[in-house]
file start.tsv (TSV, C-alpha atoms)
chain	number	residue	atom	x	y	z
A	413	MET	CA	1.76	-23.59	44.31
A	414	LYS	CA	-1.97	-24.25	43.97
A	415	VAL	CA	-4.46	-21.40	43.97
A	416	ASN	CA	-8.22	-21.59	43.48
A	417	GLU	CA	-8.97	-17.90	43.18
A	418	TYR	CA	-7.00	-14.74	42.40
A	419	TYR	CA	-8.75	-11.76	43.93
A	420	ARG	CA	-8.02	-8.08	43.20
A	421	ALA	CA	-8.93	-6.13	46.29
A	422	SER	CA	-10.76	-2.82	45.77
A	423	SER	CA	-9.77	-1.38	49.16
A	424	LEU	CA	-7.77	-2.31	52.24
A	425	GLU	CA	-10.99	-3.16	54.06
A	426	ASP	CA	-12.05	-5.40	51.17
A	427	ALA	CA	-8.64	-7.14	51.29
A	428	TYR	CA	-8.81	-7.48	55.07
A	429	GLN	CA	-12.28	-9.06	55.03
A	430	LYS	CA	-11.13	-11.49	52.37
A	431	LEU	CA	-8.06	-12.34	54.45
A	432	LEU	CA	-10.21	-13.07	57.51
A	433	ALA	CA	-12.65	-15.17	55.50
A	434	SER	CA	-10.42	-18.27	55.52
A	435	PRO	CA	-7.10	-19.36	57.00
A	436	LYS	CA	-6.29	-20.59	53.49
A	437	ASN	CA	-6.48	-17.05	52.08
A	438	ALA	CA	-3.30	-15.01	51.84
A	439	ILE	CA	-2.03	-11.66	50.63
A	440	ILE	CA	0.34	-11.92	47.68
A	441	ALA	CA	3.15	-9.39	47.34
A	442	GLY	CA	5.93	-10.33	44.90
A	443	GLY	CA	5.00	-14.00	45.35
A	444	LEU	CA	8.55	-15.31	44.88
A	445	TRP	CA	8.81	-17.22	48.15
A	446	MET	CA	5.21	-18.41	47.84
A	447	LYS	CA	6.23	-20.14	44.63
A	448	LYS	CA	9.24	-21.70	46.28
A	449	MET	CA	7.16	-23.03	49.21
A	450	GLY	CA	4.62	-24.64	46.88
A	451	GLN	CA	1.69	-24.42	49.30
A	452	SER	CA	-2.03	-24.45	48.44
A	453	TYR	CA	-4.20	-21.38	48.86
A	454	GLU	CA	-7.93	-20.91	48.52
A	455	THR	CA	-7.62	-17.25	47.52
A	456	LEU	CA	-4.63	-15.04	46.80
A	457	ILE	CA	-5.41	-11.40	47.51
A	458	ASP	CA	-3.75	-8.89	45.18
A	459	LEU	CA	-3.28	-5.34	46.53
A	460	SER	CA	-1.78	-3.85	43.37
A	461	ASN	CA	-4.76	-1.55	42.70
A	462	LEU	CA	-4.39	0.17	46.07
A	463	GLY	CA	-1.41	2.45	45.36
A	464	LEU	CA	0.90	0.82	47.89
A	465	ASP	CA	3.98	1.03	45.67
A	466	LYS	CA	5.03	4.63	46.36
A	467	ILE	CA	8.14	5.83	48.18
A	468	GLU	CA	7.54	9.20	49.77
A	469	ASP	CA	9.91	11.69	51.34
A	470	LYS	CA	8.22	13.14	54.42
A	471	LYS	CA	9.71	15.66	56.82
A	472	ASP	CA	11.14	13.25	59.39
A	473	GLU	CA	10.84	9.93	57.64
A	474	VAL	CA	10.81	8.05	54.38
A	475	VAL	CA	7.58	6.13	53.85
A	476	VAL	CA	7.98	3.06	51.67
A	477	GLY	CA	4.76	1.50	50.38
A	478	ALA	CA	4.60	-2.21	51.13
A	479	LEU	CA	4.42	-3.06	47.44
A	480	ALA	CA	7.39	-0.92	46.38
A	481	THR	CA	9.74	-3.36	44.72
A	482	GLN	CA	13.26	-3.94	45.96
A	483	ARG	CA	14.42	-2.30	42.73
A	484	ASP	CA	12.24	0.78	43.39
A	485	PHE	CA	13.80	0.97	46.85
A	486	GLU	CA	17.43	0.73	45.76
A	487	ASN	CA	16.86	3.24	42.90
A	488	SER	CA	15.02	5.76	45.06
A	489	LYS	CA	17.01	9.00	45.46
A	490	VAL	CA	15.53	9.63	48.88
A	491	VAL	CA	16.44	6.12	50.05
A	492	SER	CA	19.97	6.49	48.68
A	493	PHE	CA	20.52	9.42	51.08
A	494	LEU	CA	19.57	7.36	54.13
A	495	TYR	CA	22.48	6.34	56.35
A	496	ALA	CA	25.14	6.76	53.65
A	497	GLY	CA	23.19	4.46	51.35
A	498	ALA	CA	23.58	1.35	53.55
A	499	PRO	CA	19.90	0.19	53.44
A	500	ALA	CA	19.81	0.61	49.65
A	501	PHE	CA	23.08	-1.30	49.33
A	502	ALA	CA	21.69	-4.16	51.43
A	503	VAL	CA	18.71	-4.55	49.09
A	504	ARG	CA	20.96	-4.39	46.02
A	505	GLU	CA	22.69	-7.53	47.30
A	506	VAL	CA	19.56	-9.62	46.65
A	507	MET	CA	19.74	-11.74	43.47
A	508	GLY	CA	19.56	-9.92	40.09
A	509	VAL	CA	17.60	-6.94	38.75
A	510	ASN	CA	15.00	-9.24	37.14
A	511	PHE	CA	14.32	-10.71	40.61
A	512	ARG	CA	14.32	-7.39	42.47
A	513	ASN	CA	11.79	-5.97	39.99
A	514	ILE	CA	9.35	-8.57	41.36
A	515	ALA	CA	10.27	-8.85	45.05
A	516	THR	CA	8.69	-6.21	47.27
A	517	ILE	CA	9.89	-4.55	50.46
A	518	GLY	CA	6.67	-5.53	52.24
A	519	GLY	CA	6.87	-9.16	51.20
A	520	SER	CA	10.51	-9.33	52.24
A	521	ILE	CA	9.61	-8.11	55.73
A	522	MET	CA	6.35	-10.00	56.32
A	523	GLY	CA	7.99	-13.37	55.68
A	524	ARG	CA	10.56	-12.82	58.48
A	525	TYR	CA	12.94	-14.90	56.42
A	526	PRO	CA	16.06	-16.11	58.21
A	527	PHE	CA	18.13	-15.34	55.10
A	528	SER	CA	16.74	-11.84	54.59
A	529	ASP	CA	19.14	-9.09	53.56
A	530	VAL	CA	16.29	-6.58	53.61
A	531	ILE	CA	15.48	-7.17	57.28
A	532	THR	CA	19.12	-7.15	58.39
A	533	GLY	CA	19.70	-4.02	56.32
A	534	LEU	CA	16.81	-2.14	57.96
A	535	LEU	CA	16.97	-3.38	61.55
A	536	PRO	CA	19.68	-0.99	62.83
A	537	TYR	CA	17.48	2.00	62.06
A	538	ASP	CA	14.27	3.37	63.56
A	539	VAL	CA	11.80	1.51	61.36
A	540	LYS	CA	8.08	1.28	62.06
A	541	LEU	CA	5.63	-0.94	60.23
A	542	GLU	CA	2.16	0.43	59.48
A	543	PHE	CA	-0.62	-2.13	59.25
A	544	TYR	CA	-4.28	-2.23	58.37
A	545	PRO	CA	-6.39	-2.22	60.55
A	546	ALA	CA	-4.60	0.77	62.05
A	547	GLN	CA	-1.64	-0.46	64.04
A	548	LYS	CA	2.04	0.39	64.14
A	549	MET	CA	4.91	-1.61	65.56
A	550	SER	CA	8.63	-1.43	65.20
A	551	LEU	CA	10.37	-3.83	62.84
A	552	GLU	CA	12.01	-5.45	65.86
A	553	GLU	CA	8.63	-5.94	67.61
A	554	TYR	CA	7.27	-7.59	64.48
A	555	LEU	CA	10.25	-9.93	64.26
A	556	ASN	CA	9.60	-10.99	67.86
A	557	TYR	CA	5.81	-11.28	67.43
A	558	LYS	CA	4.66	-14.85	67.97
A	559	GLY	CA	2.38	-16.41	65.36
A	560	ARG	CA	0.70	-15.03	62.26
A	561	LEU	CA	-0.38	-11.40	62.41
A	562	ASN	CA	-3.82	-11.08	60.84
A	563	ALA	CA	-3.20	-7.63	59.43
A	564	ILE	CA	-2.02	-6.14	56.16
A	565	LEU	CA	1.31	-4.36	55.97
A	566	VAL	CA	0.65	-1.00	54.32
A	567	ALA	CA	3.93	0.89	54.63
A	568	VAL	CA	7.39	0.90	56.15
A	569	HIS	CA	8.38	4.14	57.91
A	570	ILE	CA	12.12	4.77	58.09
A	571	LYS	CA	13.08	7.65	60.34
A	572	LYS	CA	15.53	10.16	58.94
A	573	ILE	CA	18.27	10.68	61.53
A	574	GLU	CA	21.83	11.80	60.90
A	575	GLY	CA	23.97	8.70	60.80
A	576	LYS	CA	26.10	6.27	58.84
A	577	GLY	CA	25.47	2.61	58.07
A	578	TYR	CA	27.45	-0.42	56.92
A	579	PHE	CA	26.18	-3.67	55.44
A	580	LYS	CA	28.02	-6.85	54.55
A	581	LYS	CA	26.57	-9.98	52.99
A	582	VAL	CA	28.88	-12.97	52.90
A	583	LYS	CA	27.89	-15.35	50.09
A	584	THR	CA	29.59	-17.99	48.01
A	585	THR	CA	28.22	-16.88	44.63
A	586	ALA	CA	26.55	-13.73	43.34
A	587	LEU	CA	23.05	-15.20	43.47
A	588	ASP	CA	23.35	-17.11	46.71
A	589	PHE	CA	21.69	-16.75	50.10
A	590	PRO	CA	23.93	-15.18	52.73
A	591	ILE	CA	26.12	-17.37	54.92
A	592	VAL	CA	25.79	-14.50	57.35
A	593	ASN	CA	24.90	-10.83	56.96
A	594	ILE	CA	25.91	-7.91	59.13
A	595	ALA	CA	24.55	-4.40	59.49
A	596	VAL	CA	26.25	-1.84	61.69
A	597	ALA	CA	25.28	1.79	62.15
A	598	LYS	CA	26.09	4.88	64.11
A	599	VAL	CA	22.88	6.87	64.44
A	600	ALA	CA	22.87	10.18	66.31
A	601	GLY	CA	26.12	9.11	67.97
A	602	GLU	CA	24.75	5.72	69.05
A	603	TYR	CA	26.11	2.41	67.80
A	604	ARG	CA	23.77	-0.30	66.48
A	605	VAL	CA	24.88	-3.85	65.66
A	606	VAL	CA	22.74	-6.42	63.82
A	607	VAL	CA	23.64	-9.92	62.63
A	608	GLY	CA	21.34	-12.00	60.44
A	609	ALA	CA	21.32	-15.28	58.53
A	610	ARG	CA	22.95	-17.07	61.48
A	611	PRO	CA	20.90	-18.83	59.91
A	612	MET	CA	18.10	-17.16	61.87
A	613	VAL	CA	16.31	-13.92	61.30
A	614	ALA	CA	18.33	-10.81	62.12
A	615	ALA	CA	18.71	-9.68	65.72
A	616	LYS	CA	20.39	-6.82	67.52
A	617	ALA	CA	23.50	-7.47	69.60
A	618	TYR	CA	22.45	-5.54	72.68
A	619	LYS	CA	25.47	-6.29	74.86
A	620	ALA	CA	27.88	-5.03	72.20
A	621	MET	CA	25.73	-1.93	71.69
A	622	GLU	CA	25.58	-1.21	75.41
A	623	TYR	CA	29.35	-1.68	75.72
A	624	LEU	CA	30.04	0.81	72.91
A	625	ASN	CA	27.36	3.30	73.89
A	626	ASN	CA	28.86	3.52	77.38
A	627	GLY	CA	31.97	4.96	75.79
A	628	ALA	CA	34.13	1.88	75.12
A	629	LYS	CA	36.17	2.02	71.93
A	630	ASP	CA	37.48	-1.52	71.59
A	631	PHE	CA	35.72	-2.75	68.45
A	632	THR	CA	37.31	-6.21	68.64
A	633	LYS	CA	35.86	-6.69	72.12
A	634	ALA	CA	32.47	-5.38	70.91
A	635	ALA	CA	32.47	-7.91	68.07
A	636	GLU	CA	33.26	-10.70	70.54
A	637	LEU	CA	30.37	-9.59	72.76
A	638	ALA	CA	28.06	-9.66	69.71
A	639	VAL	CA	28.87	-13.26	68.78
A	640	GLU	CA	28.71	-14.37	72.42
A	641	GLU	CA	25.23	-12.91	72.83
A	642	LEU	CA	23.68	-14.07	69.54
A	643	SER	CA	23.10	-17.72	68.71
A	644	PHE	CA	24.57	-19.29	65.58
A	645	MET	CA	23.87	-22.65	63.96
A	646	ASP	CA	25.14	-25.04	61.30
A	647	ASN	CA	23.34	-25.60	58.03
A	648	LYS	CA	24.33	-26.98	54.64
A	649	ASP	CA	25.97	-23.68	53.66
A	650	ALA	CA	28.29	-23.22	56.62
A	651	SER	CA	29.15	-24.36	60.11
A	652	LYS	CA	28.28	-22.46	63.26
A	653	GLU	CA	31.99	-21.84	63.91
A	654	TYR	CA	32.57	-20.38	60.44
A	655	ARG	CA	29.60	-18.03	60.86
A	656	VAL	CA	30.91	-16.86	64.24
A	657	ASP	CA	34.35	-16.16	62.77
A	658	LEU	CA	32.86	-14.22	59.85
A	659	ALA	CA	30.52	-12.23	62.07
A	660	LYS	CA	33.36	-11.26	64.41
A	661	VAL	CA	35.45	-9.88	61.56
A	662	TYR	CA	32.67	-8.00	59.81
A	663	VAL	CA	31.12	-6.53	62.95
A	664	ARG	CA	34.53	-5.11	63.80
A	665	ARG	CA	35.05	-3.78	60.27
A	666	GLY	CA	31.56	-2.31	60.28
A	667	LEU	CA	32.23	-0.50	63.55
A	668	GLU	CA	35.52	0.84	62.19
A	669	GLU	CA	33.72	2.04	59.07
A	670	VAL	CA	30.81	3.83	60.76
A	671	SER	CA	33.05	5.42	63.40
A	672	LYS	CA	35.11	7.28	60.76
B	761	MET	CA	-9.97	-16.61	34.63
B	762	LEU	CA	-9.64	-14.22	31.71
B	763	VAL	CA	-6.58	-11.93	31.75
B	764	THR	CA	-6.15	-9.14	29.23
B	765	PHE	CA	-2.79	-7.51	28.62
B	766	TYR	CA	-0.63	-6.14	25.82
B	767	LEU	CA	1.81	-8.58	24.25
B	768	ASN	CA	4.33	-6.68	22.14
B	769	ASN	CA	1.79	-3.85	21.87
B	770	THR	CA	-1.06	-6.10	20.72
B	771	GLN	CA	-3.95	-6.62	23.13
B	772	VAL	CA	-4.48	-10.28	24.00
B	773	SER	CA	-6.90	-12.06	26.34
B	774	TYR	CA	-6.03	-15.49	27.65
B	775	ASP	CA	-8.01	-17.83	29.83
B	776	VAL	CA	-5.56	-18.92	32.54
B	777	ARG	CA	-5.52	-20.77	35.84
B	778	PRO	CA	-5.14	-18.49	38.91
B	779	ASP	CA	-1.82	-20.20	39.69
B	780	GLU	CA	-0.43	-20.10	36.16
B	781	TYR	CA	2.89	-18.36	35.57
B	782	LEU	CA	3.51	-16.00	32.67
B	783	SER	CA	6.25	-18.12	31.08
B	784	HIS	CA	3.82	-21.03	30.87
B	785	THR	CA	0.99	-18.90	29.45
B	786	LEU	CA	3.19	-17.41	26.74
B	787	ARG	CA	4.81	-20.70	25.75
B	788	SER	CA	1.42	-22.41	25.58
B	789	HIS	CA	0.33	-19.67	23.15
B	790	GLY	CA	3.29	-20.22	20.87
B	791	ILE	CA	5.80	-17.69	22.25
B	792	LYS	CA	8.62	-20.21	22.46
B	793	SER	CA	11.34	-17.55	22.67
B	794	VAL	CA	10.52	-17.45	26.38
B	795	LYS	CA	12.83	-20.14	27.73
B	796	VAL	CA	12.35	-21.84	31.06
B	797	GLY	CA	15.62	-22.98	32.62
B	798	CYS	CA	15.64	-23.43	36.38
B	799	ASN	CA	11.97	-22.44	36.89
B	800	GLU	CA	13.08	-21.30	40.38
B	801	SER	CA	13.56	-17.53	39.99
B	802	THR	CA	17.30	-17.86	39.56
B	803	CYS	CA	18.71	-18.43	36.05
B	804	GLY	CA	17.02	-15.55	34.20
B	805	SER	CA	16.43	-17.48	30.94
B	806	CYS	CA	12.73	-16.62	31.14
B	807	THR	CA	13.37	-12.87	31.46
B	808	LEU	CA	10.96	-10.59	29.63
B	809	LEU	CA	9.80	-7.04	30.19
B	810	VAL	CA	6.64	-6.11	32.08
B	811	ASP	CA	5.95	-2.39	31.71
B	812	ASP	CA	9.54	-2.06	30.41
B	813	LYS	CA	11.13	-3.67	33.47
B	814	PRO	CA	12.96	-7.01	33.23
B	815	VAL	CA	11.33	-9.74	35.32
B	816	MET	CA	11.61	-13.51	35.54
B	817	SER	CA	8.41	-14.69	33.88
B	818	CYS	CA	8.62	-18.11	35.57
B	819	SER	CA	7.81	-16.28	38.81
B	820	VAL	CA	5.15	-13.78	37.74
B	821	LEU	CA	1.57	-14.99	37.93
B	822	THR	CA	-0.26	-14.25	34.69
B	823	ALA	CA	-3.24	-13.13	36.77
B	824	SER	CA	-1.12	-10.29	38.13
B	825	ILE	CA	-0.41	-8.62	34.77
B	826	GLU	CA	-3.93	-7.52	33.85
B	827	GLY	CA	-3.65	-4.37	31.70
B	828	LYS	CA	0.15	-4.36	31.64
B	829	HIS	CA	2.56	-4.33	28.69
B	830	VAL	CA	4.61	-7.47	28.15
B	831	THR	CA	7.58	-7.41	25.78
B	832	THR	CA	9.27	-10.54	24.53
B	833	VAL	CA	12.26	-10.66	22.19
B	834	GLU	CA	9.83	-10.61	19.24
B	835	GLY	CA	8.91	-7.08	20.32
B	836	ILE	CA	12.46	-5.71	20.08
B	837	GLN	CA	13.60	-7.39	16.86
B	838	GLU	CA	15.73	-4.55	15.54
B	839	GLU	CA	17.66	-4.13	18.82
B	840	ALA	CA	17.81	-7.90	19.32
B	841	ALA	CA	19.52	-8.23	15.93
B	842	LYS	CA	22.18	-5.69	16.98
B	843	ILE	CA	22.73	-7.46	20.30
B	844	ALA	CA	22.93	-10.83	18.53
B	845	TYR	CA	25.57	-9.43	16.17
B	846	HIS	CA	27.82	-8.41	19.06
B	847	PHE	CA	27.22	-11.69	20.89
B	848	ALA	CA	28.33	-13.56	17.75
B	849	GLU	CA	31.36	-11.29	17.30
B	850	GLU	CA	32.51	-11.97	20.86
B	851	GLY	CA	31.75	-15.70	20.80
B	852	ALA	CA	29.15	-15.19	23.53
B	853	ASP	CA	26.58	-17.08	21.53
B	854	GLN	CA	26.95	-20.82	22.03
B	855	CYS	CA	23.95	-23.01	22.83
B	856	GLY	CA	21.71	-19.93	22.64
B	857	PHE	CA	19.32	-20.90	25.42
B	858	CYS	CA	19.99	-17.74	27.46
B	859	ASN	CA	20.09	-15.35	24.49
B	860	ALA	CA	16.50	-14.13	24.40
B	861	GLY	CA	16.57	-13.31	28.10
B	862	TYR	CA	19.94	-11.61	27.66
B	863	ALA	CA	18.70	-9.53	24.73
B	864	LEU	CA	15.79	-8.24	26.80
B	865	VAL	CA	17.83	-7.47	29.89
B	866	VAL	CA	20.50	-5.69	27.84
B	867	TYR	CA	17.82	-3.70	26.01
B	868	ALA	CA	16.30	-2.71	29.36
B	869	LEU	CA	19.75	-1.77	30.72
B	870	LYS	CA	20.34	0.55	27.76
B	871	ARG	CA	17.02	2.28	28.29
B	872	GLU	CA	17.32	2.54	32.08
B	873	ILE	CA	20.95	3.58	32.61
B	874	LYS	CA	22.75	5.98	30.31
B	875	ASN	CA	26.47	5.22	29.92
B	876	PRO	CA	26.58	2.52	32.61
B	877	THR	CA	29.83	1.66	34.34
B	878	GLU	CA	31.15	-1.90	34.16
B	879	GLU	CA	29.93	-2.41	37.73
B	880	GLN	CA	26.43	-1.26	36.76
B	881	ILE	CA	26.43	-3.58	33.72
B	882	ILE	CA	27.47	-6.56	35.84
B	883	ASP	CA	24.88	-5.72	38.50
B	884	TYR	CA	22.20	-5.55	35.79
B	885	ILE	CA	23.05	-8.84	34.09
B	886	VAL	CA	24.04	-10.90	37.13
B	887	GLY	CA	20.59	-12.48	37.22
B	888	ASN	CA	21.04	-13.97	33.73
B	889	LEU	CA	23.20	-17.07	33.79
B	890	CYS	CA	25.05	-18.58	30.84
B	891	ARG	CA	26.34	-22.10	31.34
B	892	CYS	CA	28.43	-22.12	28.14
B	893	SER	CA	30.65	-19.11	27.95
B	894	GLY	CA	31.72	-17.82	31.34
B	895	LEU	CA	30.07	-14.38	31.02
B	896	GLN	CA	33.19	-12.38	30.04
B	897	SER	CA	32.30	-12.65	26.36
B	898	GLN	CA	28.77	-11.45	27.15
B	899	LEU	CA	30.20	-8.48	29.01
B	900	ASN	CA	32.43	-7.61	26.05
B	901	ALA	CA	29.46	-7.94	23.66
B	902	ILE	CA	27.26	-5.74	25.82
B	903	LYS	CA	29.91	-3.05	26.05
B	904	ALA	CA	30.30	-3.08	22.25
B	905	TYR	CA	26.52	-2.86	21.77
B	906	LEU	CA	26.19	0.04	24.22
B	907	LYS	CA	28.98	1.92	22.38
B	908	GLU	CA	27.14	1.61	19.08
B	909	GLU	CA	25.33	4.95	19.20
call {"tool": "encode", "arguments": {"input": "start.tsv", "output": "structure tokens"}}
result
Amino acid sequence: MKVNEYYRASSLEDAYQKLLASPKNAIIAGGLWMKKMGQSYETLIDLSNLGLDKIEDKKDEVVVGALATQRDFENSKVVSFLYAGAPAFAVREVMGVNFRNIATIGGSIMGRYPFSDVITGLLPYDVKLEFYPAQKMSLEEYLNYKGRLNAILVAVHIKKIEGKGYFKKVKTTALDFPIVNIAVAKVAGEYRVVVGARPMVAAKAYKAMEYLNNGAKDFTKAAELAVEELSFMDNKDASKEYRVDLAKVYVRRGLEEVSK
Amino acid sequence: MLVTFYLNNTQVSYDVRPDEYLSHTLRSHGIKSVKVGCNESTCGSCTLLVDDKPVMSCSVLTASIEGKHVTTVEGIQEEAAKIAYHFAEEGADQCGFCNAGYALVVYALKREIKNPTEEQIIDYIVGNLCRCSGLQSQLNAIKAYLKEE
């Protein structure tokens, strides 16, 4: 990675103006994937003086600052109570502690990485992203947004609703990317099914959800609907067929788990 | 650019490139205990503590640590000696390349989690790879060290 200037923003407006100043300027969060990509930047904009690393327990939601680290997230008491701990568990599946102390929740979301455990782990829930300048969109809307969003992610709002979650990352070694990852939830009586790393960024399996939320109880059939609806591909880690087989099994197990 | 931080409780100011990583800065100033293995945020050999938290220094820009406290194995000599003793007792110490990173992550584990379970120990050290010994001997050594007091 090549960088000409490292800039510490004094406010969100200051950071935003700097971001707009050149297409070669970028916000840095944890910076781990930036290193891996090895691109050149004119200016990296550091937001660490802006207090965006807090995790706050509000009445109806948990508000996670964009620069809260993955480790902060998984260790947060308030996060651990969300959906039987499933979102925290998903984040704990990422690499080791010395990695998660660098990687941030905001950076993990903004990159829309096809291998992301953080995105898959959060997508079943009612999650809104708060940007500067003032704008909110759901996590799902952001994943479907075309092109680069010229805005700064400030916080991630996770709604507190009674429910239970399940997360499974299939990987060949402890520090590997997922071959596939699955998040299933039952929130206020409604089933949610998400499959990621197919190897594409996580998506909801709407047909399976509709089937279950209309009262059907056949979890095997629901898992089949999920893999029929979502697309899967080959890559060097696994074949399309292997991913489909894994997803079918773990969607079913997830549904069994959250329905208990 | 000039970056000022605390290295083992001593204030230092280094002139660094904006894209320079902490492992490189420290090694170029003589702190050779910071090992660089994969240089891809994976192996954990370069682990050190920033504000008491273990991080992979190959992936932390030096520019980002202005005003922070950096601890290398030189900063925890007494504890490192105890950890080294148990590593030697268990045969966990072979080529030694991963040891400094291990010492720091084990020290951080002890401070962060009181009486950790085996699962918590494994979760904490999984980001530090050893290519010599298969990790069981490290686990035994860490358990013995944590039982010390």
call {"tool": "closest_atom_pairs", "arguments": {"input": "start.tsv", "of": "chain B", "to": "chain A", "cutoff": "7 Å", "atoms": "all atoms listed in the file", "output": "Markdown table"}}
result
| residue | atom | partner | partner_atom | distance |
| --- | --- | --- | --- | --- |
| B:Pro778 | CA | A:Tyr418 | CA | 5.4 |
| B:Asp779 | CA | A:Val415 | CA | 5.2 |
| B:Ser801 | CA | A:Phe511 | CA | 6.9 |
| B:Thr807 | CA | A:Asn510 | CA | 6.9 |
| B:Lys813 | CA | A:Asn513 | CA | 6.9 |
| B:Pro814 | CA | A:Asn510 | CA | 4.9 |
| B:Val815 | CA | A:Asn510 | CA | 4.1 |
| B:Met816 | CA | A:Asn510 | CA | 5.7 |
| B:Ser819 | CA | A:Leu444 | CA | 6.2 |
| B:Ala823 | CA | A:Tyr418 | CA | 7.0 |
| B:Asp883 | CA | A:Gly508 | CA | 7.0 |
| B:Tyr884 | CA | A:Val509 | CA | 5.6 |
| B:Val886 | CA | A:Gly508 | CA | 5.5 |
| B:Gly887 | CA | A:Gly508 | CA | 4.0 |
call {"tool": "residues_around", "arguments": {"input": "start.tsv", "residues": "Tyr781 (chain B)", "least_positions_apart": "5", "cutoff": "7 Å", "atoms": "all atoms listed in the file", "output": "PyMOL selection string"}}
result
chain B and resi 817-822
call {"tool": "residues_around", "arguments": {"input": "start.tsv", "residues": "Glu668 (chain A)", "least_positions_apart": "3", "cutoff": "10 Å", "atoms": "all atoms listed in the file", "output": "ChimeraX atom specification"}}
result
/A:578,596,629-632,662-665,671-672
call {"tool": "residues_around", "arguments": {"input": "start.tsv", "residues": "Lys792 (chain B)", "least_positions_apart": "4", "cutoff": "12 Å", "atoms": "all atoms listed in the file", "output": "PDB file with C-alpha atoms, in the frame of the given file"}}
result
ATOM      1  CA  SER B 783       6.250 -18.120  31.080  1.00  0.00           C
ATOM      2  CA  HIS B 784       3.820 -21.030  30.870  1.00  0.00           C
ATOM      3  CA  THR B 785       0.990 -18.900  29.450  1.00  0.00           C
ATOM      4  CA  LEU B 786       3.190 -17.410  26.740  1.00  0.00           C
ATOM      5  CA  ARG B 787       4.810 -20.700  25.750  1.00  0.00           C
ATOM      6  CA  SER B 788       1.420 -22.410  25.580  1.00  0.00           C
ATOM      7  CA  VAL B 796      12.350 -21.840  31.060  1.00  0.00           C
ATOM      8  CA  SER B 805      16.430 -17.480  30.940  1.00  0.00           C
ATOM      9  CA  CYS B 806      12.730 -16.620  31.140  1.00  0.00           C
ATOM     10  CA  THR B 832       9.270 -10.540  24.530  1.00  0.00           C
ATOM     11  CA  VAL B 833      12.260 -10.660  22.190  1.00  0.00           C
ATOM     12  CA  GLU B 834       9.830 -10.610  19.240  1.00  0.00           C
ATOM     13  CA  PHE B 857      19.320 -20.900  25.420  1.00  0.00           C
ATOM     14  CA  ALA B 860      16.500 -14.130  24.400  1.00  0.00           C
ATOM     15  CA  GLY B 861      16.570 -13.310  28.100  1.00  0.00           C
TER      16      GLY B 861
END
call {"tool": "atom_distance", "arguments": {"input": "start.tsv", "atom1": "CA of Gly523 (chain A)", "atom2": "CA of Val865 (chain B)"}}
result
28.2 Å
call {"tool": "residues_around", "arguments": {"input": "start.tsv", "residues": "Gly666 (chain A)", "least_positions_apart": "5", "cutoff": "9 Å", "atoms": "only C-alpha atoms", "output": "list in words"}}
result
Gly577, Tyr578, Phe579, Lys580, Ile594, Ala595, Val596, Ala597, Val605, Val661 and Ser671 of chain A
call {"tool": "residues_around", "arguments": {"input": "start.tsv", "residues": "Asn888 (chain B)", "least_positions_apart": "3", "cutoff": "6 Å", "atoms": "only C-alpha atoms", "output": "list in words"}}
result
Cys803, Gly804 and Ile885 of chain B
call {"tool": "write_last_selection", "arguments": {"input": "start.tsv", "atoms": "C-alpha atoms", "output": "PDB file, keeping the file's coordinate frame"}}
result
ATOM      1  CA  CYS B 803      18.710 -18.430  36.050  1.00  0.00           C
ATOM      2  CA  GLY B 804      17.020 -15.550  34.200  1.00  0.00           C
ATOM      3  CA  ILE B 885      23.050  -8.840  34.090  1.00  0.00           C
TER       4      ILE B 885
END
call {"tool": "closest_residue", "arguments": {"input": "start.tsv", "among": "A:Glu553, A:Ala478, A:Pro536, A:Asp657", "to": "Tyr618 (chain A)", "atoms": "all atoms listed in the file"}}
result
A:Pro536
call {"tool": "decode", "arguments": {"input": "start.tsv", "residues": "region 783-788 of chain B", "atoms": "N, CA, C and O atoms", "output": "PDB file, in the first residue's frame"}}
result
ATOM      1  N   SER B 783       5.749  -2.642  12.768  1.00  0.00           N
ATOM      2  CA  SER B 783       6.823  -3.649  12.858  1.00  0.00           C
ATOM      3  C   SER B 783       8.079  -3.126  12.167  1.00  0.00           C
ATOM      4  O   SER B 783       9.199  -3.272  12.687  1.00  0.00           O
ATOM      5  N   HIS B 784       7.900  -2.490  11.031  1.00  0.00           N
ATOM      6  CA  HIS B 784       9.046  -1.968  10.285  1.00  0.00           C
ATOM      7  C   HIS B 784       9.711  -0.830  11.065  1.00  0.00           C
ATOM      8  O   HIS B 784      10.951  -0.779  11.189  1.00  0.00           O
ATOM      9  N   THR B 785       8.906   0.076  11.597  1.00  0.00           N
ATOM     10  CA  THR B 785       9.462   1.217  12.349  1.00  0.00           C
ATOM     11  C   THR B 785      10.298   0.717  13.523  1.00  0.00           C
ATOM     12  O   THR B 785      11.436   1.164  13.730  1.00  0.00           O
ATOM     13  N   LEU B 786       9.737  -0.225  14.284  1.00  0.00           N
ATOM     14  CA  LEU B 786      10.440  -0.686  15.479  1.00  0.00           C
ATOM     15  C   LEU B 786      11.713  -1.433  15.109  1.00  0.00           C
ATOM     16  O   LEU B 786      12.773  -1.210  15.709  1.00  0.00           O
ATOM     17  N   ARG B 787      11.629  -2.306  14.117  1.00  0.00           N
ATOM     18  CA  ARG B 787      12.828  -3.061  13.726  1.00  0.00           C
ATOM     19  C   ARG B 787      13.905  -2.121  13.184  1.00  0.00           C
ATOM     20  O   ARG B 787      15.095  -2.316  13.449  1.00  0.00           O
ATOM     21  N   SER B 788      13.486  -1.077  12.462  1.00  0.00           N
ATOM     22  CA  SER B 788      14.498  -0.165  11.919  1.00  0.00           C
ATOM     23  C   SER B 788      15.110   0.716  13.005  1.00  0.00           C
ATOM     24  O   SER B 788      16.127   1.368  12.779  1.00  0.00           O
TER      25      SER B 788
END
